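**Q** Dropping in run.pdb, which is PDB, N, CA and C atoms, pLDDT in the B column:
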ATOM      1  N   MET A   1      82.194  73.275 113.627  1.00 97.00           N
ATOM      2  CA  MET A   1      82.397  72.783 114.971  1.00 97.00           C
ATOM      3  C   MET A   1      81.736  73.728 115.949  1.00 97.00           C
ATOM      4  N   LYS A   2      81.487  73.230 117.145  1.00 98.00           N
ATOM      5  CA  LYS A   2      80.856  74.035 118.187  1.00 98.00           C
ATOM      6  C   LYS A   2      81.871  74.309 119.290  1.00 98.00           C
ATOM      7  N   LEU A   3      81.969  75.594 119.684  1.00 98.00           N
ATOM      8  CA  LEU A   3      82.861  76.018 120.761  1.00 98.00           C
ATOM      9  C   LEU A   3      82.042  76.618 121.895  1.00 98.00           C
ATOM     10  N   ASN A   4      82.511  76.445 123.112  1.00 98.00           N
ATOM     11  CA  ASN A   4      81.944  77.119 124.279  1.00 98.00           C
ATOM     12  C   ASN A   4      82.886  78.265 124.611  1.00 98.00           C
ATOM     13  N   ILE A   5      82.405  79.488 124.494  1.00 98.00           N
ATOM     14  CA  ILE A   5      83.256  80.659 124.692  1.00 98.00           C
ATOM     15  C   ILE A   5      82.845  81.373 125.966  1.00 98.00           C
ATOM     16  N   LEU A   6      83.842  81.703 126.780  1.00 98.00           N
ATOM     17  CA  LEU A   6      83.630  82.421 128.036  1.00 98.00           C
ATOM     18  C   LEU A   6      84.312  83.780 127.955  1.00 98.00           C
ATOM     19  N   TYR A   7      83.633  84.816 128.434  1.00 97.00           N
ATOM     20  CA  TYR A   7      84.175  86.174 128.460  1.00 97.00           C
ATOM     21  C   TYR A   7      84.236  86.635 129.915  1.00 97.00           C
ATOM     22  N   PHE A   8      85.324  87.314 130.281  1.00 96.00           N
ATOM     23  CA  PHE A   8      85.516  87.728 131.661  1.00 96.00           C
ATOM     24  C   PHE A   8      85.806  89.218 131.775  1.00 96.00           C
ATOM     25  N   ALA A   9      85.558  89.751 132.981  1.00 93.00           N
ATOM     26  CA  ALA A   9      85.890  91.124 133.376  1.00 93.00           C
ATOM     27  C   ALA A   9      85.308  92.133 132.389  1.00 93.00           C
ATOM     28  N   ARG A  10      86.130  93.064 131.895  1.00 93.00           N
ATOM     29  CA  ARG A  10      85.623  94.141 131.033  1.00 93.00           C
ATOM     30  C   ARG A  10      85.008  93.599 129.749  1.00 93.00           C
ATOM     31  N   LEU A  11      85.475  92.441 129.279  1.00 96.00           N
ATOM     32  CA  LEU A  11      84.914  91.875 128.047  1.00 96.00           C
ATOM     33  C   LEU A  11      83.475  91.423 128.276  1.00 96.00           C
ATOM     34  N   LYS A  12      83.237  90.788 129.402  1.00 96.00           N
ATOM     35  CA  LYS A  12      81.876  90.357 129.759  1.00 96.00           C
ATOM     36  C   LYS A  12      80.944  91.567 129.807  1.00 96.00           C
ATOM     37  N   ASP A  13      81.411  92.634 130.423  1.00 95.00           N
ATOM     38  CA  ASP A  13      80.601  93.852 130.522  1.00 95.00           C
ATOM     39  C   ASP A  13      80.377  94.483 129.148  1.00 95.00           C
ATOM     40  N   SER A  14      81.419  94.582 128.367  1.00 95.00           N
ATOM     41  CA  SER A  14      81.330  95.229 127.064  1.00 95.00           C
ATOM     42  C   SER A  14      80.449  94.454 126.091  1.00 95.00           C
ATOM     43  N   PHE A  15      80.538  93.121 126.107  1.00 97.00           N
ATOM     44  CA  PHE A  15      79.773  92.290 125.175  1.00 97.00           C
ATOM     45  C   PHE A  15      78.362  91.988 125.672  1.00 97.00           C
ATOM     46  N   GLY A  16      78.113  92.240 126.963  1.00 97.00           N
ATOM     47  CA  GLY A  16      76.789  91.987 127.517  1.00 97.00           C
ATOM     48  C   GLY A  16      76.475  90.514 127.689  1.00 97.00           C
ATOM     49  N   MET A  17      77.521  89.687 127.785  1.00 97.00           N
ATOM     50  CA  MET A  17      77.322  88.248 128.005  1.00 97.00           C
ATOM     51  C   MET A  17      78.590  87.655 128.605  1.00 97.00           C
ATOM     52  N   GLY A  18      78.403  86.629 129.405  1.00 97.00           N
ATOM     53  CA  GLY A  18      79.531  85.956 130.015  1.00 97.00           C
ATOM     54  C   GLY A  18      79.949  84.707 129.264  1.00 97.00           C
ATOM     55  N   SER A  19      79.045  84.211 128.410  1.00 98.00           N
ATOM     56  CA  SER A  19      79.370  82.999 127.666  1.00 98.00           C
ATOM     57  C   SER A  19      78.444  82.853 126.473  1.00 98.00           C
ATOM     58  N   GLU A  20      78.844  81.993 125.561  1.00 98.00           N
ATOM     59  CA  GLU A  20      78.002  81.631 124.423  1.00 98.00           C
ATOM     60  C   GLU A  20      78.517  80.347 123.805  1.00 98.00           C
ATOM     61  N   GLN A  21      77.639  79.660 123.095  1.00 98.00           N
ATOM     62  CA  GLN A  21      78.050  78.539 122.253  1.00 98.00           C
ATOM     63  C   GLN A  21      78.053  79.063 120.832  1.00 98.00           C
ATOM     64  N   LEU A  22      79.123  78.764 120.104  1.00 98.00           N
ATOM     65  CA  LEU A  22      79.288  79.309 118.764  1.00 98.00           C
ATOM     66  C   LEU A  22      79.620  78.208 117.774  1.00 98.00           C
ATOM     67  N   GLU A  23      78.865  78.151 116.696  1.00 98.00           N
ATOM     68  CA  GLU A  23      79.181  77.278 115.567  1.00 98.00           C
ATOM     69  C   GLU A  23      80.151  78.048 114.688  1.00 98.00           C
ATOM     70  N   THR A  24      81.285  77.456 114.366  1.00 98.00           N
ATOM     71  CA  THR A  24      82.299  78.159 113.590  1.00 98.00           C
ATOM     72  C   THR A  24      83.098  77.186 112.727  1.00 98.00           C
ATOM     73  N   ASP A  25      83.700  77.736 111.697  1.00 97.00           N
ATOM     74  CA  ASP A  25      84.637  76.981 110.867  1.00 97.00           C
ATOM     75  C   ASP A  25      86.074  77.397 111.176  1.00 97.00           C
ATOM     76  N   ALA A  26      86.261  78.269 112.169  1.00 98.00           N
ATOM     77  CA  ALA A  26      87.604  78.745 112.527  1.00 98.00           C
ATOM     78  C   ALA A  26      88.485  77.564 112.931  1.00 98.00           C
ATOM     79  N   ALA A  27      89.685  77.520 112.365  1.00 98.00           N
ATOM     80  CA  ALA A  27      90.612  76.429 112.657  1.00 98.00           C
ATOM     81  C   ALA A  27      91.615  76.803 113.745  1.00 98.00           C
ATOM     82  N   SER A  28      91.740  78.104 114.044  1.00 98.00           N
ATOM     83  CA  SER A  28      92.713  78.562 115.038  1.00 98.00           C
ATOM     84  C   SER A  28      92.094  79.668 115.888  1.00 98.00           C
ATOM     85  N   VAL A  29      92.754  79.973 116.986  1.00 98.00           N
ATOM     86  CA  VAL A  29      92.313  81.063 117.851  1.00 98.00           C
ATOM     87  C   VAL A  29      92.278  82.368 117.060  1.00 98.00           C
ATOM     88  N   ASP A  30      93.298  82.609 116.255  1.00 97.00           N
ATOM     89  CA  ASP A  30      93.355  83.843 115.468  1.00 97.00           C
ATOM     90  C   ASP A  30      92.149  83.952 114.529  1.00 97.00           C
ATOM     91  N   GLU A  31      91.782  82.856 113.873  1.00 98.00           N
ATOM     92  CA  GLU A  31      90.620  82.869 112.985  1.00 98.00           C
ATOM     93  C   GLU A  31      89.332  83.114 113.771  1.00 98.00           C
ATOM     94  N   LEU A  32      89.240  82.557 114.960  1.00 98.00           N
ATOM     95  CA  LEU A  32      88.076  82.792 115.808  1.00 98.00           C
ATOM     96  C   LEU A  32      87.977  84.269 116.183  1.00 98.00           C
ATOM     97  N   LEU A  33      89.091  84.861 116.585  1.00 98.00           N
ATOM     98  CA  LEU A  33      89.087  86.277 116.954  1.00 98.00           C
ATOM     99  C   LEU A  33      88.696  87.148 115.768  1.00 98.00           C
ATOM    100  N   THR A  34      89.172  86.808 114.585  1.00 97.00           N
ATOM    101  CA  THR A  34      88.789  87.544 113.379  1.00 97.00           C
ATOM    102  C   THR A  34      87.280  87.474 113.173  1.00 97.00           C
ATOM    103  N   GLU A  35      86.713  86.288 113.358  1.00 98.00           N
ATOM    104  CA  GLU A  35      85.263  86.112 113.220  1.00 98.00           C
ATOM    105  C   GLU A  35      84.506  86.949 114.251  1.00 98.00           C
ATOM    106  N   LEU A  36      84.971  86.954 115.490  1.00 98.00           N
ATOM    107  CA  LEU A  36      84.309  87.732 116.532  1.00 98.00           C
ATOM    108  C   LEU A  36      84.422  89.230 116.261  1.00 98.00           C
ATOM    109  N   ARG A  37      85.566  89.699 115.771  1.00 97.00           N
ATOM    110  CA  ARG A  37      85.751  91.122 115.450  1.00 97.00           C
ATOM    111  C   ARG A  37      84.767  91.588 114.387  1.00 97.00           C
ATOM    112  N   GLN A  38      84.376  90.694 113.507  1.00 97.00           N
ATOM    113  CA  GLN A  38      83.460  91.055 112.423  1.00 97.00           C
ATOM    114  C   GLN A  38      82.061  91.384 112.922  1.00 97.00           C
ATOM    115  N   ARG A  39      81.800  91.151 114.182  1.00 97.00           N
ATOM    116  CA  ARG A  39      80.513  91.547 114.769  1.00 97.00           C
ATOM    117  C   ARG A  39      80.421  93.065 114.899  1.00 97.00           C
ATOM    118  N   GLY A  40      81.575  93.735 114.815  1.00 96.00           N
ATOM    119  CA  GLY A  40      81.611  95.200 114.846  1.00 96.00           C
ATOM    120  C   GLY A  40      81.608  95.790 116.237  1.00 96.00           C
ATOM    121  N   ASP A  41      81.466  97.111 116.279  1.00 94.00           N
ATOM    122  CA  ASP A  41      81.373  97.913 117.495  1.00 94.00           C
ATOM    123  C   ASP A  41      82.319  97.457 118.606  1.00 94.00           C
ATOM    124  N   ASN A  42      81.762  97.078 119.765  1.00 95.00           N
ATOM    125  CA  ASN A  42      82.573  96.688 120.926  1.00 95.00           C
ATOM    126  C   ASN A  42      83.495  95.512 120.616  1.00 95.00           C
ATOM    127  N   TRP A  43      83.015  94.594 119.792  1.00 97.00           N
ATOM    128  CA  TRP A  43      83.788  93.394 119.475  1.00 97.00           C
ATOM    129  C   TRP A  43      85.082  93.761 118.761  1.00 97.00           C
ATOM    130  N   SER A  44      84.988  94.578 117.738  1.00 97.00           N
ATOM    131  CA  SER A  44      86.195  94.939 116.981  1.00 97.00           C
ATOM    132  C   SER A  44      87.139  95.790 117.825  1.00 97.00           C
ATOM    133  N   CYS A  45      86.589  96.606 118.708  1.00 96.00           N
ATOM    134  CA  CYS A  45      87.426  97.448 119.570  1.00 96.00           C
ATOM    135  C   CYS A  45      88.116  96.621 120.659  1.00 96.00           C
ATOM    136  N   GLU A  46      87.363  95.831 121.402  1.00 96.00           N
ATOM    137  CA  GLU A  46      87.911  95.078 122.531  1.00 96.00           C
ATOM    138  C   GLU A  46      88.881  93.974 122.100  1.00 96.00           C
ATOM    139  N   LEU A  47      88.674  93.402 120.911  1.00 97.00           N
ATOM    140  CA  LEU A  47      89.514  92.293 120.453  1.00 97.00           C
ATOM    141  C   LEU A  47      90.521  92.730 119.383  1.00 97.00           C
ATOM    142  N   ALA A  48      90.728  94.029 119.256  1.00 95.00           N
ATOM    143  CA  ALA A  48      91.656  94.561 118.258  1.00 95.00           C
ATOM    144  C   ALA A  48      93.084  94.104 118.535  1.00 95.00           C
ATOM    145  N   ALA A  49      93.849  93.979 117.467  1.00 88.00           N
ATOM    146  CA  ALA A  49      95.271  93.647 117.613  1.00 88.00           C
ATOM    147  C   ALA A  49      95.921  94.725 118.482  1.00 88.00           C
ATOM    148  N   GLY A  50      96.734  94.318 119.417  1.00 89.00           N
ATOM    149  CA  GLY A  50      97.399  95.250 120.314  1.00 89.00           C
ATOM    150  C   GLY A  50      96.623  95.540 121.592  1.00 89.00           C
ATOM    151  N   LYS A  51      95.353  95.162 121.642  1.00 91.00           N
ATOM    152  CA  LYS A  51      94.558  95.332 122.860  1.00 91.00           C
ATOM    153  C   LYS A  51      94.941  94.226 123.846  1.00 91.00           C
ATOM    154  N   ALA A  52      94.976  94.539 125.115  1.00 91.00           N
ATOM    155  CA  ALA A  52      95.433  93.576 126.125  1.00 91.00           C
ATOM    156  C   ALA A  52      94.326  92.582 126.491  1.00 91.00           C
ATOM    157  N   PHE A  53      94.504  91.327 126.076  1.00 94.00           N
ATOM    158  CA  PHE A  53      93.644  90.231 126.501  1.00 94.00           C
ATOM    159  C   PHE A  53      94.394  88.925 126.282  1.00 94.00           C
ATOM    160  N   ARG A  54      93.956  87.890 126.967  1.00 95.00           N
ATOM    161  CA  ARG A  54      94.571  86.563 126.865  1.00 95.00           C
ATOM    162  C   ARG A  54      93.507  85.572 126.419  1.00 95.00           C
ATOM    163  N   VAL A  55      93.973  84.439 125.881  1.00 97.00           N
ATOM    164  CA  VAL A  55      93.056  83.398 125.446  1.00 97.00           C
ATOM    165  C   VAL A  55      93.518  82.061 126.025  1.00 97.00           C
ATOM    166  N   ALA A  56      92.573  81.312 126.569  1.00 98.00           N
ATOM    167  CA  ALA A  56      92.850  79.967 127.070  1.00 98.00           C
ATOM    168  C   ALA A  56      91.955  78.976 126.323  1.00 98.00           C
ATOM    169  N   ARG A  57      92.526  77.830 125.993  1.00 98.00           N
ATOM    170  CA  ARG A  57      91.769  76.730 125.385  1.00 98.00           C
ATOM    171  C   ARG A  57      91.757  75.594 126.397  1.00 98.00           C
ATOM    172  N   ASN A  58      90.582  75.188 126.804  1.00 98.00           N
ATOM    173  CA  ASN A  58      90.434  74.118 127.791  1.00 98.00           C
ATOM    174  C   ASN A  58      91.299  74.359 129.024  1.00 98.00           C
ATOM    175  N   GLN A  59      91.257  75.600 129.498  1.00 97.00           N
ATOM    176  CA  GLN A  59      91.898  76.068 130.732  1.00 97.00           C
ATOM    177  C   GLN A  59      93.420  76.133 130.664  1.00 97.00           C
ATOM    178  N   GLU A  60      93.986  76.202 129.467  1.00 97.00           N
ATOM    179  CA  GLU A  60      95.425  76.410 129.311  1.00 97.00           C
ATOM    180  C   GLU A  60      95.658  77.590 128.383  1.00 97.00           C
ATOM    181  N   LEU A  61      96.505  78.537 128.809  1.00 96.00           N
ATOM    182  CA  LEU A  61      96.815  79.680 127.960  1.00 96.00           C
ATOM    183  C   LEU A  61      97.427  79.206 126.647  1.00 96.00           C
ATOM    184  N   VAL A  62      96.996  79.831 125.548  1.00 98.00           N
ATOM    185  CA  VAL A  62      97.485  79.444 124.224  1.00 98.00           C
ATOM    186  C   VAL A  62      97.858  80.680 123.415  1.00 98.00           C
ATOM    187  N   ARG A  63      98.645  80.431 122.377  1.00 96.00           N
ATOM    188  CA  ARG A  63      99.004  81.480 121.426  1.00 96.00           C
ATOM    189  C   ARG A  63      97.902  81.589 120.376  1.00 96.00           C
ATOM    190  N   LEU A  64      97.970  82.631 119.583  1.00 95.00           N
ATOM    191  CA  LEU A  64      96.939  82.867 118.575  1.00 95.00           C
ATOM    192  C   LEU A  64      96.922  81.811 117.481  1.00 95.00           C
ATOM    193  N   ASP A  65      98.038  81.116 117.276  1.00 97.00           N
ATOM    194  CA  ASP A  65      98.072  80.092 116.222  1.00 97.00           C
ATOM    195  C   ASP A  65      97.596  78.723 116.722  1.00 97.00           C
ATOM    196  N   ALA A  66      97.126  78.642 117.961  1.00 98.00           N
ATOM    197  CA  ALA A  66      96.656  77.368 118.520  1.00 98.00           C
ATOM    198  C   ALA A  66      95.438  76.855 117.752  1.00 98.00           C
ATOM    199  N   ALA A  67      95.445  75.565 117.467  1.00 98.00           N
ATOM    200  CA  ALA A  67      94.338  74.928 116.754  1.00 98.00           C
ATOM    201  C   ALA A  67      93.129  74.778 117.664  1.00 98.00           C
ATOM    202  N   LEU A  68      91.955  74.790 117.059  1.00 98.00           N
ATOM    203  CA  LEU A  68      90.704  74.599 117.776  1.00 98.00           C
ATOM    204  C   LEU A  68      90.105  73.250 117.420  1.00 98.00           C
ATOM    205  N   GLY A  69      89.378  72.664 118.364  1.00 98.00           N
ATOM    206  CA  GLY A  69      88.695  71.397 118.121  1.00 98.00           C
ATOM    207  C   GLY A  69      87.257  71.474 118.586  1.00 98.00           C
ATOM    208  N   ASP A  70      86.423  70.623 118.026  1.00 98.00           N
ATOM    209  CA  ASP A  70      85.015  70.600 118.378  1.00 98.00           C
ATOM    210  C   ASP A  70      84.848  70.398 119.885  1.00 98.00           C
ATOM    211  N   GLY A  71      84.018  71.235 120.491  1.00 98.00           N
ATOM    212  CA  GLY A  71      83.743  71.132 121.916  1.00 98.00           C
ATOM    213  C   GLY A  71      84.723  71.851 122.812  1.00 98.00           C
ATOM    214  N   ASP A  72      85.739  72.498 122.236  1.00 98.00           N
ATOM    215  CA  ASP A  72      86.712  73.229 123.058  1.00 98.00           C
ATOM    216  C   ASP A  72      86.020  74.336 123.856  1.00 98.00           C
ATOM    217  N   GLU A  73      86.563  74.584 125.053  1.00 98.00           N
ATOM    218  CA  GLU A  73      86.165  75.738 125.851  1.00 98.00           C
ATOM    219  C   GLU A  73      87.224  76.806 125.631  1.00 98.00           C
ATOM    220  N   ILE A  74      86.791  77.965 125.173  1.00 98.00           N
ATOM    221  CA  ILE A  74      87.694  79.080 124.913  1.00 98.00           C
ATOM    222  C   ILE A  74      87.351  80.204 125.867  1.00 98.00           C
ATOM    223  N   ALA A  75      88.317  80.628 126.650  1.00 98.00           N
ATOM    224  CA  ALA A  75      88.121  81.749 127.580  1.00 98.00           C
ATOM    225  C   ALA A  75      88.927  82.933 127.065  1.00 98.00           C
ATOM    226  N   ILE A  76      88.298  84.091 127.030  1.00 98.00           N
ATOM    227  CA  ILE A  76      88.967  85.314 126.601  1.00 98.00           C
ATOM    228  C   ILE A  76      88.843  86.303 127.754  1.00 98.00           C
ATOM    229  N   PHE A  77      89.979  86.835 128.195  1.00 95.00           N
ATOM    230  CA  PHE A  77      89.966  87.685 129.380  1.00 95.00           C
ATOM    231  C   PHE A  77      91.118  88.667 129.354  1.00 95.00           C
ATOM    232  N   PRO A  78      90.936  89.832 129.972  1.00 91.00           N
ATOM    233  CA  PRO A  78      92.025  90.787 130.092  1.00 91.00           C
ATOM    234  C   PRO A  78      93.018  90.293 131.136  1.00 91.00           C
ATOM    235  N   PRO A  79      94.269  90.741 131.024  1.00 84.00           N
ATOM    236  CA  PRO A  79      95.232  90.359 132.061  1.00 84.00           C
ATOM    237  C   PRO A  79      94.802  90.958 133.400  1.00 84.00           C
ATOM    238  N   VAL A  80      95.032  90.219 134.453  1.00 75.00           N
ATOM    239  CA  VAL A  80      94.632  90.699 135.776  1.00 75.00           C
ATOM    240  C   VAL A  80      95.834  90.654 136.717  1.00 75.00           C
ATOM    241  N   THR A  81      95.769  91.483 137.723  1.00 57.00           N
ATOM    242  CA  THR A  81      96.790  91.456 138.763  1.00 57.00           C
ATOM    243  C   THR A  81      96.106  91.278 140.093  1.00 57.00           C
ATOM    244  N   GLY A  82      96.822  90.774 141.020  1.00 59.00           N
ATOM    245  CA  GLY A  82      96.254  90.571 142.352  1.00 59.00           C
ATOM    246  C   GLY A  82      97.148  91.194 143.396  1.00 59.00           C
ATOM    247  N   GLY A  83      96.644  91.248 144.567  1.00 54.00           N
ATOM    248  CA  GLY A  83      97.456  91.854 145.603  1.00 54.00           C
ATOM    249  C   GLY A  83      97.087  91.329 146.955  1.00 54.00           C
TER     250      GLY A  83
END
Represent the structure from my file as structure tokens, please.
**A**
Amino acid sequence: MKLNILYFARLKDSFGMGSEQLETDAASVDELLTELRQRGDNWSCELAAGKAFRVARNQELVRLDAALGDGDEIAIFPPVTGG
């Protein structure tokens, strides 16, 4: 399946890209994150278990066990605060 992935804030800076289209067999958000971590270096560090970031599927926050579907938009971003 093909996913549209968006990266924000420190992740965008660390990965050197704000978005990408990815062909994957990942069935869940957790499987997708595992696949991205396998890229090594910044990817494994920034997306490590326990690191602060959130994931949204089609503009709704989801848990790591959320299923993925062809054409989904996945946004990965650190938590933010406003003032």
**Q** Need the axis-aligned box for stretch 10-19 of chain A with 6 Å each side, so what are the centre and edges in Å to one decimal, as lines of an AutoDock Vina configuration file?
**A**
center_x = 81.3
center_y = 89.0
center_z = 128.5
size_x = 21.7
size_y = 24.4
size_z = 18.7
**Q** How far is it from atom N of A:Asp13 to atom N of A:Ala52, in Å with one decimal?
**A** 14.7 Å
**Q** Please write as a PyMOL selection string the full residue list that the PyMOL selection byres (((chain A and resi 9 and name CA) around 10) and name CA) yields on this file.
**A** chain A and resi 7-8+10-14+18+76-80
**Q** Keeping only N, CA and C atoms, write the selected residues as a compact mmCIF listing (two decimals), in the frame of the given file.
**A**
# COMPACT_ATOMS: atom_id res chain seq x y z
N TYR A 7 83.63 84.82 128.43
CA TYR A 7 84.18 86.17 128.46
C TYR A 7 84.24 86.64 129.92
N PHE A 8 85.32 87.31 130.28
CA PHE A 8 85.52 87.73 131.66
C PHE A 8 85.81 89.22 131.78
N ARG A 10 86.13 93.06 131.90
CA ARG A 10 85.62 94.14 131.03
C ARG A 10 85.01 93.60 129.75
N LEU A 11 85.48 92.44 129.28
CA LEU A 11 84.91 91.88 128.05
C LEU A 11 83.48 91.42 128.28
N LYS A 12 83.24 90.79 129.40
CA LYS A 12 81.88 90.36 129.76
C LYS A 12 80.94 91.57 129.81
N ASP A 13 81.41 92.63 130.42
CA ASP A 13 80.60 93.85 130.52
C ASP A 13 80.38 94.48 129.15
N SER A 14 81.42 94.58 128.37
CA SER A 14 81.33 95.23 127.06
C SER A 14 80.45 94.45 126.09
N GLY A 18 78.40 86.63 129.40
CA GLY A 18 79.53 85.96 130.01
C GLY A 18 79.95 84.71 129.26
N ILE A 76 88.30 84.09 127.03
CA ILE A 76 88.97 85.31 126.60
C ILE A 76 88.84 86.30 127.75
N PHE A 77 89.98 86.84 128.20
CA PHE A 77 89.97 87.68 129.38
C PHE A 77 91.12 88.67 129.35
N PRO A 78 90.94 89.83 129.97
CA PRO A 78 92.02 90.79 130.09
C PRO A 78 93.02 90.29 131.14
N PRO A 79 94.27 90.74 131.02
CA PRO A 79 95.23 90.36 132.06
C PRO A 79 94.80 90.96 133.40
N VAL A 80 95.03 90.22 134.45
CA VAL A 80 94.63 90.70 135.78
C VAL A 80 95.83 90.65 136.72
**Q** Could you tell me which residues the PyMOL selection byres ((chain A and resi 20) around 6.5) returns for this structure, as a list in words?
**A**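 Going through the file, the PyMOL selection byres ((chain A and resi 20) around 6.5) ends up selecting Leu3, Asn4, Ile5, Leu6, Tyr7, Met17, Gly18, Ser19, Gln21 and Leu22 of chain A.
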**Q** Which distance in Å separates atom CA of A:Glu23 and atom CA of A:Leu68, to one decimal?
**A** 12.0 Å
**Q** Which protein, DNA or RNA residues have an atom at most 6.5 Å from (90.1, 79.9, 127.2), counting all atoms listed in the file? List them as number ranges by chain.
**A** A: 55-60, 73-76
**Q** With only C-alpha atoms as the basis for distance, which of A:Met1, A:Ser44, A:Phe53, A:Leu64 is at the shortest distance from A:Ala26?
**A**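 Under the stated criterion, the closest residue is A:Met1.
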**Q** Output the residue selection produced by the PyMOL selection byres ((chain A and resi 67) around 6.5) on the file above, formatted as a ChimeraX atom specification.
**A** /A:27-29,64-66,68-69
**Q** State, in Å with one decimal place, the distance from atom N of A:Glu46 to atom CA of A:Leu32.
**A**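 About the pair atom N of A:Glu46 and atom CA of A:Leu32: they are 14.2 Å apart.
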**Q** Considering all atoms listed in the file, can you say which of A:Phe15, A:Arg54, A:Glu31, A:Asp25 comes closest to A:Lys2?
**A**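 So, comparing all the options, the nearest one is A:Asp25.
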**Q** From the DSSP assignment of the backbone, select every residue of chain A that is alpha helix (DSSP H), and format the answer as a list in words.
**A**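 Residues meeting the alpha helix (DSSP H) criterion: Ala9, Arg10, Leu11, Lys12, Asp13, Ser14, Phe15, Val29, Asp30, Glu31, Leu32, Leu33, Thr34, Glu35, Leu36, Arg37, Asp41, Asn42, Trp43, Ser44, Cys45 and Glu46 of chain A.
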**Q** Among chain A, which ones does DSSP place in strand (DSSP E), written as a list in words?
**A**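 The strand (DSSP E) residues within chain A come out as Lys2, Leu3, Asn4, Ile5, Leu6, Tyr7, Ser19, Glu20, Gln21, Leu22, Glu23, Arg54, Val55, Ala56, Arg57, Glu60, Leu61, Glu73, Ile74, Ala75, Ile76 and Phe77 of chain A.
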**Q** Using only N, CA and C atoms, give me every residue within 7 Å of (78.7, 95.1, 122.0) in file coordinates, as a PDB file with N, CA and C atoms, keeping the file's coordinate frame.
**A**
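Written file, point09.pdb:
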ATOM      1  N   SER A  14      81.419  94.582 128.367  1.00 95.00           N
ATOM      2  CA  SER A  14      81.330  95.229 127.064  1.00 95.00           C
ATOM      3  C   SER A  14      80.449  94.454 126.091  1.00 95.00           C
ATOM      4  N   PHE A  15      80.538  93.121 126.107  1.00 97.00           N
ATOM      5  CA  PHE A  15      79.773  92.290 125.175  1.00 97.00           C
ATOM      6  C   PHE A  15      78.362  91.988 125.672  1.00 97.00           C
ATOM      7  N   GLY A  16      78.113  92.240 126.963  1.00 97.00           N
ATOM      8  CA  GLY A  16      76.789  91.987 127.517  1.00 97.00           C
ATOM      9  C   GLY A  16      76.475  90.514 127.689  1.00 97.00           C
ATOM     10  N   GLY A  40      81.575  93.735 114.815  1.00 96.00           N
ATOM     11  CA  GLY A  40      81.611  95.200 114.846  1.00 96.00           C
ATOM     12  C   GLY A  40      81.608  95.790 116.237  1.00 96.00           C
ATOM     13  N   ASP A  41      81.466  97.111 116.279  1.00 94.00           N
ATOM     14  CA  ASP A  41      81.373  97.913 117.495  1.00 94.00           C
ATOM     15  C   ASP A  41      82.319  97.457 118.606  1.00 94.00           C
ATOM     16  N   ASN A  42      81.762  97.078 119.765  1.00 95.00           N
ATOM     17  CA  ASN A  42      82.573  96.688 120.926  1.00 95.00           C
ATOM     18  C   ASN A  42      83.495  95.512 120.616  1.00 95.00           C
ATOM     19  N   TRP A  43      83.015  94.594 119.792  1.00 97.00           N
ATOM     20  CA  TRP A  43      83.788  93.394 119.475  1.00 97.00           C
ATOM     21  C   TRP A  43      85.082  93.761 118.761  1.00 97.00           C
TER      22      TRP A  43
END
